[in-house]
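Participant: Next comes model22.cif, mmCIF, C-alpha atoms and all ligand atoms:
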```cif
data_work
loop_
_atom_site.label_atom_id
_atom_site.label_comp_id
_atom_site.auth_asym_id
_atom_site.auth_seq_id
_atom_site.Cartn_x
_atom_site.Cartn_y
_atom_site.Cartn_z
CA MET J 1 0.00 0.00 0.00
CA GLU J 2 1.29 3.48 -0.93
CA ILE J 3 2.04 5.57 2.18
CA ASP J 4 0.83 9.18 2.23
CA TYR J 5 3.77 10.87 3.97
CA SER J 6 2.19 14.33 3.62
CA LYS J 7 -0.17 13.47 6.50
CA ARG J 8 2.60 12.40 8.84
CA SER J 9 4.00 14.17 11.87
CA PHE J 10 6.82 13.14 14.20
CA SER J 11 5.23 9.97 15.57
CA TYR J 12 5.64 6.24 15.74
CA TYR J 13 4.64 4.56 12.49
CA PRO J 14 5.19 0.82 12.12
CA THR J 15 8.18 -0.42 10.14
CA ASN J 16 9.61 -3.86 9.33
CA ALA J 17 12.23 -4.65 11.89
CA ILE J 18 14.60 -3.56 14.61
CA VAL J 19 18.16 -4.57 15.40
CA TYR J 20 19.78 -4.96 18.80
CA ALA J 21 22.81 -6.29 20.62
CA THR J 22 23.40 -6.89 24.31
CA CYS J 23 26.48 -6.46 26.43
CA ILE J 24 26.53 -9.00 29.25
CA ASP J 25 29.51 -9.25 31.62
CA GLY J 26 31.43 -6.92 29.34
CA LYS J 27 30.95 -9.00 26.18
CA TRP J 28 28.85 -7.74 23.27
CA SER J 29 26.61 -10.19 21.40
CA GLU J 30 26.29 -10.35 17.63
CA PRO J 31 23.51 -8.04 16.32
CA VAL J 32 20.04 -9.58 16.28
CA GLU J 33 17.67 -8.50 13.52
CA THR J 34 14.04 -9.17 14.30
CA ASP J 35 10.51 -8.23 13.36
CA ASN J 36 9.48 -8.78 16.97
CA PHE J 37 9.22 -5.28 18.44
CA ASN J 38 8.35 -6.61 21.90
CA LEU J 39 11.65 -6.91 23.71
CA SER J 40 11.73 -9.31 26.61
CA LEU J 41 13.45 -7.84 29.69
CA HIS J 42 13.75 -8.91 33.32
CA CYS J 43 11.36 -6.88 35.49
CA PHE J 44 14.22 -6.07 37.88
CA ALA J 45 16.22 -4.57 34.99
CA GLY J 46 17.53 -1.15 36.03
CA ILE J 47 15.72 0.57 33.17
CA PHE J 48 12.37 -0.04 34.92
CA HIS J 49 13.57 1.58 38.12
CA TYR J 50 16.45 4.04 38.10
CA ALA J 51 16.45 5.08 34.41
CA PRO J 52 19.90 3.97 33.24
CA SER J 53 18.95 5.02 29.73
CA CYS J 54 20.24 7.23 26.98
CA PHE J 55 19.08 7.51 23.42
CA GLU J 56 19.74 9.21 20.12
CA GLY J 57 17.83 10.56 17.13
CA LEU J 58 19.06 10.80 13.57
CA LYS J 59 17.52 10.74 10.14
CA ALA J 60 18.04 8.82 6.92
CA PHE J 61 17.14 10.90 3.87
CA ARG J 62 16.43 9.78 0.35
CA GLY J 63 18.34 12.27 -1.77
CA VAL J 64 17.51 13.99 -5.02
CA ASP J 65 19.82 11.41 -6.66
CA GLY J 66 17.84 8.53 -5.13
CA ARG J 67 20.68 7.64 -2.74
CA VAL J 68 20.15 7.30 1.00
CA ARG J 69 22.16 9.39 3.45
CA LEU J 70 22.54 9.44 7.21
CA PHE J 71 23.42 12.87 8.63
CA ARG J 72 26.49 12.89 10.90
CA PRO J 73 25.81 9.52 12.60
CA ASP J 74 29.32 9.55 14.08
CA GLU J 75 28.27 12.56 16.18
CA ASN J 76 25.33 10.60 17.55
CA ALA J 77 27.64 7.70 18.38
CA LYS J 78 29.94 10.03 20.32
CA ARG J 79 27.05 11.65 22.17
CA MET J 80 25.62 8.27 23.16
CA ALA J 81 29.03 7.20 24.44
CA SER J 82 29.24 10.39 26.53
CA GLY J 83 25.79 9.68 28.01
CA ALA J 84 26.71 6.07 28.82
CA ASN J 85 29.93 7.29 30.40
CA TYR J 86 27.93 9.72 32.57
CA LEU J 87 25.69 6.83 33.62
CA ASP J 88 28.75 4.59 34.19
CA MET J 89 27.47 1.88 31.88
CA PRO J 90 28.90 0.18 28.77
CA SER J 91 28.32 1.75 25.38
CA PRO J 92 28.60 0.47 21.81
CA SER J 93 31.77 1.31 19.92
CA MET J 94 31.56 3.79 17.05
CA GLU J 95 31.77 0.85 14.66
CA MET J 96 28.89 -0.99 16.33
CA PHE J 97 26.75 2.13 16.54
CA LEU J 98 27.15 2.79 12.82
CA ASP J 99 26.69 -0.88 11.91
CA LEU J 100 23.35 -1.14 13.73
CA CYS J 101 22.13 2.15 12.25
CA ILE J 102 23.00 0.95 8.74
CA ARG J 103 21.30 -2.39 9.37
CA CYS J 104 18.19 -0.64 10.64
CA VAL J 105 17.99 1.51 7.51
CA GLN J 106 18.50 -1.53 5.27
CA LEU J 107 15.91 -3.61 7.13
CA ASN J 108 13.39 -0.82 6.72
CA TRP J 109 14.34 0.17 3.17
CA ASP J 110 10.74 0.22 1.96
CA PHE J 111 9.87 2.72 4.68
CA ILE J 112 12.39 5.37 3.64
CA PRO J 113 10.12 8.15 2.41
CA PRO J 114 10.58 9.29 -1.19
CA TYR J 115 12.62 12.43 -1.84
CA GLU J 116 9.62 14.48 -2.96
CA SER J 117 7.68 13.77 0.24
CA GLY J 118 9.92 15.94 2.42
CA ALA J 119 9.67 13.17 5.03
CA SER J 120 12.52 11.02 6.35
CA LEU J 121 13.24 7.78 8.17
CA TYR J 122 13.96 8.70 11.79
CA LEU J 123 16.28 6.31 13.62
CA ARG J 124 15.98 5.97 17.37
CA PRO J 125 18.98 4.22 18.93
CA ILE J 126 18.48 3.38 22.62
CA LEU J 127 20.87 2.11 25.28
CA VAL J 128 19.30 0.72 28.45
CA GLY J 129 20.44 -1.10 31.57
CA ILE J 130 19.10 -4.66 31.60
CA ASN J 131 20.71 -6.58 34.47
CA PRO J 132 18.39 -7.42 37.37
CA GLN J 133 19.17 -5.16 40.31
CA LEU J 134 17.60 -3.68 43.39
CA GLY J 135 20.20 -1.39 44.88
CA ILE J 136 20.84 2.00 43.33
CA LYS J 137 23.72 1.14 41.06
CA SER J 138 24.75 1.79 37.50
CA ALA J 139 23.89 -0.95 35.00
CA ASN J 140 26.56 -3.57 34.26
CA ASP J 141 24.70 -5.10 31.34
CA VAL J 142 22.99 -3.13 28.60
CA MET J 143 20.92 -3.52 25.48
CA PHE J 144 21.63 -1.32 22.47
CA ALA J 145 18.76 -1.28 19.98
CA VAL J 146 18.01 0.76 16.87
CA MET J 147 14.47 1.20 15.56
CA ALA J 148 12.96 3.42 12.91
CA SER J 149 9.84 5.40 12.02
CA GLY J 150 9.03 7.21 8.76
CA VAL J 151 8.24 10.71 9.99
CA GLY J 152 6.95 14.02 8.67
CA THR J 153 7.51 17.43 10.28
CA TYR J 154 7.70 17.63 14.07
CA SER J 155 4.36 19.34 14.56
CA GLY J 156 2.64 17.86 11.53
CA ALA J 157 2.33 21.40 10.14
CA LYS J 158 4.07 22.54 6.94
CA ALA J 159 7.85 22.75 7.23
CA LEU J 160 9.00 26.13 8.57
CA LYS J 161 5.55 27.05 9.87
CA PRO J 162 6.30 29.23 12.91
CA GLY J 163 5.05 28.11 16.31
CA THR J 164 4.48 29.71 19.69
CA ALA J 165 6.46 29.09 22.87
CA VAL J 166 6.08 29.77 26.55
CA MET J 167 8.91 30.30 29.02
CA SER J 168 9.03 27.88 31.88
CA ARG J 169 9.71 29.82 35.07
CA ASN J 170 8.44 27.25 37.54
CA TYR J 171 9.62 23.98 35.99
CA ASP J 172 13.24 23.20 35.13
CA ARG J 173 14.54 20.73 32.62
CA ALA J 174 18.05 20.34 33.95
CA ALA J 175 19.93 21.33 37.09
CA THR J 176 23.04 23.51 36.86
CA TYR J 177 25.35 20.61 37.65
CA GLY J 178 22.91 17.97 36.39
CA SER J 179 22.57 15.76 33.34
CA GLY J 180 21.11 18.22 30.79
CA GLY J 181 24.18 17.99 28.58
CA TYR J 182 23.53 14.29 27.93
CA LYS J 183 20.69 12.72 26.00
CA LEU J 184 19.25 10.74 28.91
CA GLY J 185 15.68 9.49 29.07
CA ALA J 186 15.54 10.94 32.58
CA ASN J 187 15.87 14.50 31.24
CA TYR J 188 12.73 14.07 29.18
CA ALA J 189 10.78 12.56 32.06
CA GLN J 190 11.65 15.74 33.91
CA SER J 191 9.96 17.84 31.22
CA LEU J 192 6.79 15.82 30.61
CA HIS J 193 4.44 17.48 33.07
CA ALA J 194 5.53 21.00 32.12
CA TYR J 195 5.17 20.09 28.46
CA ASN J 196 1.63 18.86 29.06
CA LEU J 197 0.74 22.17 30.71
CA ALA J 198 2.16 24.12 27.76
CA HIS J 199 0.60 21.92 25.09
CA ASN J 200 -2.80 21.99 26.77
CA GLN J 201 -2.69 25.78 26.46
CA GLY J 202 -1.90 25.53 22.75
CA TYR J 203 1.82 26.33 22.87
CA ARG J 204 4.01 24.48 20.41
CA GLU J 205 7.14 24.74 22.52
CA LEU J 206 8.39 25.16 26.03
CA LEU J 207 11.45 27.34 26.58
CA PHE J 208 13.47 26.28 29.61
CA LEU J 209 15.58 28.77 31.57
CA ASP J 210 18.63 28.13 33.74
CA SER J 211 17.55 26.43 36.93
CA ALA J 212 19.69 28.53 39.28
CA THR J 213 18.44 32.02 38.43
CA HIS J 214 15.73 31.66 35.77
CA SER J 215 17.28 34.67 34.11
CA HIS J 216 18.79 33.18 30.98
CA ILE J 217 17.75 30.92 28.12
CA GLU J 218 18.71 27.25 28.11
CA GLU J 219 16.79 25.41 25.39
CA PHE J 220 13.42 24.17 24.23
CA GLY J 221 12.13 20.83 25.49
CA SER J 222 12.74 19.23 22.10
CA SER J 223 15.53 21.30 20.64
CA ASN J 224 18.16 24.04 20.98
CA PHE J 225 17.54 27.78 20.78
CA PHE J 226 19.21 30.08 18.29
CA ALA J 227 18.55 33.65 17.24
CA ILE J 228 19.72 36.08 14.59
CA LYS J 229 20.68 39.63 15.49
CA ASN J 230 22.83 42.19 13.63
CA GLY J 231 24.41 39.57 11.36
CA CYS J 232 25.15 37.28 14.33
CA TYR J 233 24.05 33.71 14.99
CA VAL J 234 23.48 33.65 18.75
CA THR J 235 22.96 30.49 20.80
CA PRO J 236 23.26 29.73 24.54
CA ASP J 237 26.47 28.38 25.98
CA SER J 238 25.62 26.13 28.90
CA THR J 239 26.76 22.73 30.13
CA SER J 240 23.16 21.86 31.00
CA VAL J 241 21.99 22.25 27.39
CA LEU J 242 22.07 19.24 25.06
CA PRO J 243 24.92 19.68 22.55
CA SER J 244 22.77 19.60 19.44
CA ILE J 245 24.32 18.20 16.26
CA THR J 246 21.97 20.38 14.20
CA ASN J 247 23.04 23.49 16.09
CA LYS J 248 26.71 22.56 15.68
CA SER J 249 26.15 22.11 11.92
CA LEU J 250 24.22 25.38 11.67
CA ARG J 251 27.06 27.24 13.37
CA THR J 252 29.43 25.95 10.69
CA VAL J 253 27.03 26.92 7.92
CA ALA J 254 26.43 30.33 9.54
CA GLU J 255 30.17 31.02 9.42
CA GLU J 256 30.21 29.87 5.80
CA PHE J 257 27.58 32.56 5.15
CA GLY J 258 29.72 35.21 6.84
CA LEU J 259 27.64 35.44 10.02
CA LYS J 260 29.41 35.94 13.31
CA VAL J 261 28.69 33.05 15.68
CA GLU J 262 28.20 33.84 19.36
CA ARG J 263 27.83 31.11 21.98
CA ARG J 264 27.11 32.94 25.18
CA THR J 265 24.68 33.59 27.99
CA ILE J 266 21.40 34.97 26.64
CA TYR J 267 19.38 36.80 29.27
CA THR J 268 15.61 36.74 28.86
CA ASP J 269 15.51 40.52 28.54
CA GLU J 270 17.52 40.26 25.32
CA LEU J 271 14.72 38.28 23.63
CA GLU J 272 12.95 41.41 22.39
CA SER J 273 16.00 42.53 20.43
CA PHE J 274 16.26 39.41 18.26
CA GLU J 275 15.33 39.62 14.58
CA GLU J 276 14.73 35.88 14.12
CA VAL J 277 14.23 33.21 16.78
CA ASN J 278 14.19 29.46 16.09
CA SER J 279 14.32 26.04 17.62
CA CYS J 280 16.71 23.59 15.97
CA GLY J 281 17.26 19.86 16.20
CA THR J 282 16.96 16.63 14.25
CA ALA J 283 13.21 16.31 14.73
CA VAL J 284 12.31 20.01 14.44
CA VAL J 285 15.05 20.81 11.85
CA ILE J 286 14.66 24.61 12.06
CA THR J 287 11.30 25.72 13.40
CA PRO J 288 10.76 29.47 13.61
CA ILE J 289 9.20 30.88 16.76
CA CYS J 290 6.63 33.61 16.18
CA ARG J 291 5.80 34.41 19.82
CA ILE J 292 7.21 33.79 23.27
CA ASP J 293 4.97 34.31 26.29
CA ASP J 294 6.41 34.96 29.70
CA LYS J 295 4.34 33.62 32.58
CA PRO J 296 5.13 33.54 36.28
CA ALA J 297 3.85 29.96 36.37
CA LEU J 298 2.78 27.56 33.65
CA GLU J 299 -0.48 26.85 35.51
CA SER J 300 -1.36 30.53 35.72
CA ASP J 301 -3.52 32.53 33.30
CA THR J 302 -1.32 35.56 33.86
CA VAL J 303 1.00 36.48 31.01
CA THR J 304 3.48 39.17 32.06
CA LYS J 305 5.06 39.72 28.67
CA VAL J 306 4.40 38.75 25.06
CA ILE J 307 7.35 38.90 22.66
CA LYS J 308 6.37 38.76 19.01
CA TYR J 309 8.43 37.79 15.97
CA SER J 310 7.50 37.43 12.33
CA ASP J 311 4.76 35.05 11.24
CA GLU J 312 7.13 33.79 8.57
CA CYS J 313 10.53 32.19 8.73
CA GLY J 314 13.21 34.93 8.74
CA PRO J 315 15.42 35.31 5.65
CA ILE J 316 18.68 34.25 7.32
CA SER J 317 17.09 31.27 9.04
CA LEU J 318 15.59 30.25 5.70
CA LYS J 319 19.02 30.38 4.06
CA LEU J 320 20.47 28.23 6.86
CA TYR J 321 17.57 25.77 6.54
CA ASN J 322 18.01 25.42 2.79
CA ARG J 323 21.72 24.76 3.14
CA ILE J 324 21.32 22.09 5.82
CA ILE J 325 18.43 20.35 4.06
CA GLY J 326 20.32 20.74 0.78
CA ILE J 327 23.30 18.83 2.19
CA GLN J 328 21.09 16.19 3.83
CA LYS J 329 19.24 15.51 0.58
CA GLY J 330 22.17 15.72 -1.81
CA ILE J 331 20.89 18.90 -3.46
CA GLU J 332 23.97 20.85 -2.38
CA GLU J 333 27.56 19.80 -2.17
CA ASP J 334 28.41 18.11 1.13
CA THR J 335 31.51 20.28 1.63
CA TYR J 336 32.09 18.99 5.15
CA GLY J 337 31.68 15.28 4.50
CA TRP J 338 28.74 15.12 6.92
CA CYS J 339 26.64 12.51 5.10
CA MET J 340 27.17 8.78 5.24
CA PHE J 341 25.70 6.81 2.33
CA VAL J 342 23.73 3.64 2.97
CA ASP J 343 23.15 1.17 0.16
CA GLU J 344 20.30 -1.28 -0.19
CA ARG J 345 21.16 -4.75 1.05
CA LYS J 346 21.60 -7.26 -1.73
CA ALA J 347 19.22 -10.22 -1.37
N1 LIG L 1 17.77 19.66 22.74
C1 LIG L 1 16.92 18.69 23.09
C2 LIG L 1 16.32 18.74 24.43
C3 LIG L 1 16.64 17.65 22.19
O1 LIG L 1 15.80 16.68 22.54
C4 LIG L 1 17.24 17.66 20.93
C5 LIG L 1 17.00 16.56 20.01
O2 LIG L 1 17.77 15.68 19.86
C6 LIG L 1 18.09 18.70 20.60
C7 LIG L 1 18.34 19.69 21.54
C8 LIG L 1 18.71 18.77 19.25
O3 LIG L 1 19.78 17.88 19.11
P1 LIG L 1 20.16 17.31 17.69
O4 LIG L 1 20.34 18.46 16.80
O5 LIG L 1 21.42 16.56 17.92
O6 LIG L 1 19.03 16.44 17.27
C1 LIG L 2 15.49 14.59 18.08
O1 LIG L 2 15.36 15.68 17.54
O2 LIG L 2 16.06 13.63 17.53
C2 LIG L 2 14.99 14.33 19.42
O3 LIG L 2 15.36 13.36 20.02
C3 LIG L 2 13.99 15.25 19.97
C4 LIG L 2 12.75 14.53 20.30
C5 LIG L 2 12.83 13.99 21.68
C6 LIG L 2 11.62 15.44 20.10
#
```
Could you show the structure in this file as structure tokens?
Ligand code: PLP
Ligand code: COI

Facilitator:
Amino acid sequence: MEIDYSKRSFSYYPTNAIVYATCIDGKWSEPVETDNFNLSLHCFAGIFHYAPSCFEGLKAFRGVDGRVRLFRPDENAKRMASGANYLDMPSPSMEMFLDLCIRCVQLNWDFIPPYESGASLYLRPILVGINPQLGIKSANDVMFAVMASGVGTYSGAKALKPGTAVMSRNYDRAATYGSGGYKLGANYAQSLHAYNLAHNQGYRELLFLDSATHSHIEEFGSSNFFAIKNGCYVTPDSTSVLPSITNKSLRTVAEEFGLKVERRTIYTDELESFEEVNSCGTAVVITPICRIDDKPALESDTVTKVIKYSDECGPISLKLYNRIIGIQKGIEEDTYGWCMFVDERKA
């Protein structure tokens, strides 16, 4: 049956198969490819209790030339290894990470959206503690699995359609000396309730501030923050913000375009002076923000300040978007060698 990718958002859509490997007593198994999506785990496995879990997100794109590309998967491998290191648990080698991602794309070849659709095959690598335990300890044994979903835009709206955001002054995503700089499942659990409050009031995004003073910008719940001002690309510099691969790539592209790149503290009172404000990440790509509301509390009806931006994507952000998407889809030259080709598996 032909899939209508134009109706898709960033959600789970069934695919063919997943691939996983386990590390038990320090020894990694061979990869297992299976169409059984129901993993069997011991109920005392750490993942069900203390959240020894980190994950990744990356996309496979079908290019204008018909070839399939993964965008900077080596960066995801490194970030997963840093998360596992923070959790004191084993992590897959770079080679294993890439191998399982390639296998997952090949196993789900028929679910890679066509070039024209604008959609992509999102890969979700996960690393979870699986040994039975009761005491609060890091996991000794882990499962590394990679699954996929053919996704559309993050919100389901047209690409680059601006969305609204609300600042979170009474819920924090990450503590100053906490785990925000790693892609841990626990960080997202921390944001769920606040997200629900924001979404139920119609906001697309939630903008987290630093937990110590609530005076400067950290990041959105799903993505990093960047703004354009006076020919500068400005983005927060904080150890409790996830080091986004998209943001890193955009900074390179911004410099290519002659923009000055500033990574620094951004106080909330600077928000009004920005010409263009966006969220950026694998799932959201670049999503312009057209309004940020400031509220003393997410539960409250009181809005103390409304900061408005354009209802269209700004010209510089659009140029950055086209360059990144252009590289990902083989429309533009991959000057930086960011894309990794994946070929269809021969029968
Ligand atoms: N920040 C958060 C909280 C995220 O969940 C993501 C998504 O991965 C990002 C930033 C963007 O990171 P990346 O560009 O590596 O996808
Ligand atoms: C991604 O962009 O890959 C993410 O993981 C963000 C997602 C949790 C919304």

Participant: Here is a test: counting all atoms listed in the file, which residue of J:Val284, J:Ile331, J:Leu70, J:Ala145 is nearest to Ala157 (chain J)?

Facilitator: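 Looking only at the distances to Ala157 (chain J), the closest residue turns out to be J:Val284.
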
Participant: To check your reading of the model: which residues sit at most 6 Å from ligand LIG 1 (chain L) when counting only C-alpha atoms and all ligand atoms? Write the answer as an NGL selection string.

Facilitator: :J and (57 or 221-224 or 242 or 244-247 or 281-282)

Participant: Could you please take those selected residues and save C-alpha atoms as a PDB file, keeping the file's coordinate frame?

Facilitator:
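part_3.pdb, freshly written:
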```pdb
ATOM      1  CA  GLY J  57      17.830  10.560  17.130  1.00  0.00           C
ATOM      2  CA  GLY J 221      12.130  20.830  25.490  1.00  0.00           C
ATOM      3  CA  SER J 222      12.740  19.230  22.100  1.00  0.00           C
ATOM      4  CA  SER J 223      15.530  21.300  20.640  1.00  0.00           C
ATOM      5  CA  ASN J 224      18.160  24.040  20.980  1.00  0.00           C
ATOM      6  CA  LEU J 242      22.070  19.240  25.060  1.00  0.00           C
ATOM      7  CA  SER J 244      22.770  19.600  19.440  1.00  0.00           C
ATOM      8  CA  ILE J 245      24.320  18.200  16.260  1.00  0.00           C
ATOM      9  CA  THR J 246      21.970  20.380  14.200  1.00  0.00           C
ATOM     10  CA  ASN J 247      23.040  23.490  16.090  1.00  0.00           C
ATOM     11  CA  GLY J 281      17.260  19.860  16.200  1.00  0.00           C
ATOM     12  CA  THR J 282      16.960  16.630  14.250  1.00  0.00           C
TER      13      THR J 282
END
```

Participant: Quick one: pull the distance between CA of Asp343 (chain J) and CA of Val68 (chain J), Å, one decimal.

Facilitator: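 Going from CA of Asp343 (chain J) over to CA of Val68 (chain J) covers 6.9 Å.
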
Participant: Between J:Arg124, J:Lys329, J:His49, J:His42, which one has atoms that come closest to ligand LIG 2 (chain L), using only C-alpha atoms and all ligand atoms?

Facilitator: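 The shortest atom-to-atom distance to ligand LIG 2 (chain L) comes from J:Arg124.
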
Participant: Take CA of Asn76 (chain J) and CA of Leu58 (chain J) and report the distance between them in Å, one decimal.

Facilitator: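 Interatomic distance, CA of Asn76 (chain J) to CA of Leu58 (chain J): 7.4 Å.
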
Participant: Find, counting all atoms listed in the file, the residue in J:Ile286, J:Leu98, J:Pro90, J:Phe225 that gets nearest to Asp74 (chain J).

Facilitator: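 Comparing J:Ile286, J:Leu98, J:Pro90, J:Phe225 against Asp74 (chain J), the winner is J:Leu98.
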
Participant: Would you list the contacts of region 259-266 of chain J as a ChimeraX atom specification, taking every protein, DNA or RNA residue within 6 Å and counting only C-alpha atoms, but skipping same-chain residues closer than 5 positions in sequence?

Facilitator: /J:216-217,231-237,254

Participant: Using only C-alpha atoms, which residue out of J:Asp334, J:Glu275, J:Asp311, J:Asp65 lies closest to Phe226 (chain J)?

Facilitator: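 Smallest separation from Phe226 (chain J) among the options: J:Glu275.
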
Participant: What is the CA of Ile3 (chain J)-CA of Lys158 (chain J) distance in Å, reported with one decimal?

Facilitator: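 Separation between CA of Ile3 (chain J) and CA of Lys158 (chain J): 17.7 Å.
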
Participant: Please determine the residues with any atom at most 8 Å from (18.8, 38.9, 33.0) (coordinates as given in the file, with all atoms listed in the file counting) and report them as an MDAnalysis selection string.

Facilitator: chainID J and resid 215:216 266:270

Participant: Nearest to Val166 (chain J) among J:Thr239, J:Thr302, J:Ser179, J:Gln133, with distances taken over all atoms listed in the file: which residue is it?

Facilitator: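 Ranked by minimum distance to Val166 (chain J), first place goes to J:Thr302.
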
Participant: Name all residues at most 8 Å from Lys308 (chain J) (count only C-alpha atoms; drop same-chain ones fewer than 6 positions away) and give them as a PyMOL selection string.

Facilitator: chain J and resi 272+290-292

Participant: Smallest atom-to-atom distance to Asn230 (chain J): which of J:Met80, J:Leu134, J:Ile316, J:Ala174, using all atoms listed in the file?

Facilitator: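 Between J:Met80, J:Leu134, J:Ile316, J:Ala174, the residue approaching Asn230 (chain J) most closely is J:Ile316.
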
Participant: I'd like the contact shell of Met340 (chain J) - 12 Å cut-off, only C-alpha atoms, skipping same-chain residues fewer than 4 positions apart - returned as a PDB file with C-alpha atoms, keeping the file's coordinate frame.

Facilitator:
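Wrote it out as result-v9.pdb, contents follow:
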```pdb
ATOM      1  CA  LEU J  58      19.060  10.800  13.570  1.00  0.00           C
ATOM      2  CA  LYS J  59      17.520  10.740  10.140  1.00  0.00           C
ATOM      3  CA  ALA J  60      18.040   8.820   6.920  1.00  0.00           C
ATOM      4  CA  PHE J  61      17.140  10.900   3.870  1.00  0.00           C
ATOM      5  CA  ARG J  62      16.430   9.780   0.350  1.00  0.00           C
ATOM      6  CA  GLY J  63      18.340  12.270  -1.770  1.00  0.00           C
ATOM      7  CA  ARG J  67      20.680   7.640  -2.740  1.00  0.00           C
ATOM      8  CA  VAL J  68      20.150   7.300   1.000  1.00  0.00           C
ATOM      9  CA  ARG J  69      22.160   9.390   3.450  1.00  0.00           C
ATOM     10  CA  LEU J  70      22.540   9.440   7.210  1.00  0.00           C
ATOM     11  CA  PHE J  71      23.420  12.870   8.630  1.00  0.00           C
ATOM     12  CA  ARG J  72      26.490  12.890  10.900  1.00  0.00           C
ATOM     13  CA  PRO J  73      25.810   9.520  12.600  1.00  0.00           C
ATOM     14  CA  ASP J  74      29.320   9.550  14.080  1.00  0.00           C
ATOM     15  CA  GLU J  75      28.270  12.560  16.180  1.00  0.00           C
ATOM     16  CA  LEU J  98      27.150   2.790  12.820  1.00  0.00           C
ATOM     17  CA  ASP J  99      26.690  -0.880  11.910  1.00  0.00           C
ATOM     18  CA  CYS J 101      22.130   2.150  12.250  1.00  0.00           C
ATOM     19  CA  ILE J 102      23.000   0.950   8.740  1.00  0.00           C
ATOM     20  CA  VAL J 105      17.990   1.510   7.510  1.00  0.00           C
ATOM     21  CA  ILE J 327      23.300  18.830   2.190  1.00  0.00           C
ATOM     22  CA  GLN J 328      21.090  16.190   3.830  1.00  0.00           C
ATOM     23  CA  LYS J 329      19.240  15.510   0.580  1.00  0.00           C
ATOM     24  CA  GLY J 330      22.170  15.720  -1.810  1.00  0.00           C
ATOM     25  CA  ASP J 334      28.410  18.110   1.130  1.00  0.00           C
ATOM     26  CA  TYR J 336      32.090  18.990   5.150  1.00  0.00           C
TER      27      TYR J 336
END
```

Participant: Set the distance at 9 Å and use all atoms listed in the file: which residues neighbour Arg345 (chain J) once local chain neighbours fewer than 4 positions away are removed? I'd like the list as a list of chain:residue names.

Facilitator: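 The contact residues come out as J:Arg103, J:Gln106, J:Leu107, J:Trp109.
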
Participant: Can you tell me which residues surround Val241 (chain J) at a distance of at most 6 Å, considering all atoms listed in the file, apart from same-chain residues fewer than 3 positions away, and format the answer as a list of chain:residue names?

Facilitator: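 In the requested form, the answer reads J:Gly180, J:Gly181, J:Ser238.
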